[in-house]
$ cat start_9.cif   # mmCIF, C-alpha atoms, pLDDT in the B column; chains and numbers go by the auth columns
data_start
loop_
_atom_site.group_PDB
_atom_site.id
_atom_site.type_symbol
_atom_site.label_atom_id
_atom_site.label_comp_id
_atom_site.label_asym_id
_atom_site.label_seq_id
_atom_site.Cartn_x
_atom_site.Cartn_y
_atom_site.Cartn_z
_atom_site.B_iso_or_equiv
_atom_site.auth_seq_id
_atom_site.auth_asym_id
ATOM 1 C CA MET A 1 -5.982 -23.426 34.837 52.00 741 A
ATOM 2 C CA LYS A 2 -2.236 -23.562 35.524 54.00 742 A
ATOM 3 C CA ASN A 3 0.508 -22.732 33.065 56.00 743 A
ATOM 4 C CA ARG A 4 3.932 -24.390 32.877 62.00 744 A
ATOM 5 C CA ARG A 5 5.295 -22.469 35.840 63.00 745 A
ATOM 6 C CA GLY A 6 2.406 -23.502 38.052 61.00 746 A
ATOM 7 C CA VAL A 7 0.883 -20.007 38.138 59.00 747 A
ATOM 8 C CA ILE A 8 -2.868 -19.883 37.922 59.00 748 A
ATOM 9 C CA ASN A 9 -3.997 -18.051 34.816 59.00 749 A
ATOM 10 C CA LYS A 10 -7.250 -16.180 35.372 61.00 750 A
ATOM 11 C CA HIS A 11 -7.831 -15.650 31.667 62.00 751 A
ATOM 12 C CA PRO A 12 -7.120 -18.838 29.714 59.00 752 A
ATOM 13 C CA PHE A 13 -8.120 -17.269 26.387 60.00 753 A
ATOM 14 C CA TYR A 14 -6.009 -14.123 26.821 59.00 754 A
ATOM 15 C CA ILE A 15 -3.053 -15.384 24.805 63.00 755 A
ATOM 16 C CA SER A 16 -5.160 -16.640 21.934 72.00 756 A
ATOM 17 C CA TYR A 17 -7.187 -13.396 21.900 73.00 757 A
ATOM 18 C CA MET A 18 -4.013 -11.300 21.765 73.00 758 A
ATOM 19 C CA THR A 19 -2.642 -13.485 18.987 80.00 759 A
ATOM 20 C CA ILE A 20 -5.793 -12.950 16.941 84.00 760 A
ATOM 21 C CA VAL A 21 -5.736 -9.187 17.531 86.00 761 A
ATOM 22 C CA THR A 22 -2.048 -8.993 16.624 88.00 762 A
ATOM 23 C CA ALA A 23 -2.580 -10.975 13.429 89.00 763 A
ATOM 24 C CA PHE A 24 -5.552 -8.787 12.496 93.00 764 A
ATOM 25 C CA LEU A 25 -3.588 -5.572 13.046 95.00 765 A
ATOM 26 C CA LEU A 26 -0.651 -6.933 11.068 95.00 766 A
ATOM 27 C CA ALA A 27 -2.941 -7.854 8.165 96.00 767 A
ATOM 28 C CA LEU A 28 -4.566 -4.417 8.364 97.00 768 A
ATOM 29 C CA LYS A 29 -1.144 -2.767 8.210 97.00 769 A
ATOM 30 C CA TYR A 30 -0.164 -4.723 5.102 97.00 770 A
ATOM 31 C CA ILE A 31 -3.480 -3.970 3.414 98.00 771 A
ATOM 32 C CA ALA A 32 -3.066 -0.242 4.109 97.00 772 A
ATOM 33 C CA ALA A 33 0.523 -0.283 2.828 97.00 773 A
ATOM 34 C CA THR A 34 -0.542 -2.084 -0.358 96.00 774 A
ATOM 35 C CA ILE A 35 -3.333 0.417 -1.017 96.00 775 A
ATOM 36 C CA LEU A 36 -0.950 3.324 -0.449 95.00 776 A
ATOM 37 C CA LEU A 37 1.636 1.804 -2.783 90.00 777 A
ATOM 38 C CA ILE A 38 -0.949 1.293 -5.522 89.00 778 A
ATOM 39 C CA MET A 39 -2.130 4.882 -5.128 90.00 779 A
ATOM 40 C CA VAL A 40 1.429 6.199 -5.478 87.00 780 A
ATOM 41 C CA ILE A 41 2.122 4.062 -8.540 85.00 781 A
ATOM 42 C CA LEU A 42 -1.103 5.135 -10.255 85.00 782 A
ATOM 43 C CA ALA A 43 -0.788 8.836 -9.331 87.00 783 A
ATOM 44 C CA PRO A 44 0.902 9.996 -12.594 88.00 784 A
ATOM 45 C CA ALA A 45 -1.768 8.347 -14.752 86.00 785 A
ATOM 46 C CA TRP A 46 -4.533 9.908 -12.655 88.00 786 A
ATOM 47 C CA ILE A 47 -2.875 13.350 -12.822 88.00 787 A
ATOM 48 C CA ALA A 48 -2.518 13.031 -16.601 88.00 788 A
ATOM 49 C CA GLN A 49 -6.197 12.194 -16.864 86.00 789 A
ATOM 50 C CA GLN A 50 -7.156 15.177 -14.706 89.00 790 A
ATOM 51 C CA THR A 51 -5.030 17.552 -16.819 88.00 791 A
ATOM 52 C CA LYS A 52 -6.778 16.270 -19.973 86.00 792 A
ATOM 53 C CA LYS A 53 -3.756 14.911 -21.841 83.00 793 A
ATOM 54 C CA ASP A 54 -4.258 13.382 -25.275 86.00 794 A
ATOM 55 C CA LYS A 55 -4.301 9.601 -25.739 87.00 795 A
ATOM 56 C CA THR A 56 -0.684 9.360 -26.892 87.00 796 A
ATOM 57 C CA GLU A 57 0.631 11.300 -23.931 86.00 797 A
ATOM 58 C CA MET A 58 -1.591 9.302 -21.565 86.00 798 A
ATOM 59 C CA ALA A 59 -0.198 6.051 -22.987 86.00 799 A
ATOM 60 C CA ILE A 60 3.385 7.248 -22.521 84.00 800 A
ATOM 61 C CA VAL A 61 2.649 8.295 -18.947 86.00 801 A
ATOM 62 C CA ARG A 62 0.951 4.993 -18.109 84.00 802 A
ATOM 63 C CA ILE A 63 3.634 2.825 -19.710 84.00 803 A
ATOM 64 C CA SER A 64 6.472 4.687 -18.030 82.00 804 A
ATOM 65 C CA SER A 65 4.620 4.701 -14.719 80.00 805 A
ATOM 66 C CA TRP A 66 3.653 1.024 -14.727 78.00 806 A
ATOM 67 C CA LEU A 67 6.741 -0.506 -16.298 80.00 807 A
ATOM 68 C CA LEU A 68 9.487 1.762 -14.986 77.00 808 A
ATOM 69 C CA CYS A 69 8.041 2.600 -11.586 70.00 809 A
ATOM 70 C CA TRP A 70 10.414 0.226 -9.821 70.00 810 A
ATOM 71 C CA THR A 71 13.364 2.414 -10.862 78.00 811 A
ATOM 72 C CA GLY A 72 11.992 5.521 -9.196 80.00 812 A
ATOM 73 C CA LEU A 73 13.357 7.574 -12.071 83.00 813 A
ATOM 74 C CA GLY A 74 10.672 6.194 -14.372 83.00 814 A
ATOM 75 C CA TRP A 75 8.004 7.249 -11.886 83.00 815 A
ATOM 76 C CA PHE A 76 9.417 10.793 -11.735 86.00 816 A
ATOM 77 C CA VAL A 77 9.537 10.948 -15.549 85.00 817 A
ATOM 78 C CA ALA A 78 5.904 9.839 -15.693 86.00 818 A
ATOM 79 C CA LEU A 79 4.962 12.398 -13.050 86.00 819 A
ATOM 80 C CA PHE A 80 6.800 15.144 -14.937 88.00 820 A
ATOM 81 C CA ARG A 81 5.153 14.228 -18.244 86.00 821 A
ATOM 82 C CA ALA A 82 1.741 14.102 -16.563 87.00 822 A
ATOM 83 C CA THR A 83 2.071 17.588 -15.043 87.00 823 A
ATOM 84 C CA LYS A 84 3.813 19.531 -17.828 81.00 824 A
ATOM 85 C CA LYS A 85 1.690 21.597 -20.148 71.00 825 A
#
$ encode --input "start_9.cif" --output "structure tokens"
Amino acid sequence: MKNRRGVINKHPFYISYMTIVTAFLLALKYIAATILLIMVILAPAWIAQQTKKDKTEMAIVRISSWLLCWTGLGWFVALFRATKK
């Protein structure tokens, strides 16, 4: 099989195979990044649960973690409230 330049290609499915592998690795990277992001966002609530906080404190930690996480400061406040005694 010849390509556009007239060079004989020994492996006609090489390009399509590499495209599939590249797409799979890209999807795997985005899945891993999404899982890591979810773990970071949910970390303060999990820490508060492990330190046996009461329901009111757990609700404050979860609300500040989920709603204000995008600010960064809200996530640190939630993390601080989850770890303080």
$ resolve_selection --input "start_9.cif" --expression "the PyMOL selection byres ((chain A and resi 798-801) around 7)" --output "list in words"
Pro784, Ala785, Ala788, Lys793, Asp794, Lys795, Thr796, Glu797, Arg802, Ile803, Ser804, Ser805, Ala818, Arg821 and Ala822 of chain A
$ atom_distance --input "start_9.cif" --atom1 "atom CA of A:Ile778" --atom2 "atom CA of A:Thr759"
28.7 Å
$ atom_distance --input "start_9.cif" --atom1 "atom CA of A:Ser756" --atom2 "atom CA of A:Lys769"
19.9 Å
$ atom_distance --input "start_9.cif" --atom1 "atom CA of A:Cys809" --atom2 "atom CA of A:Lys792"
21.8 Å
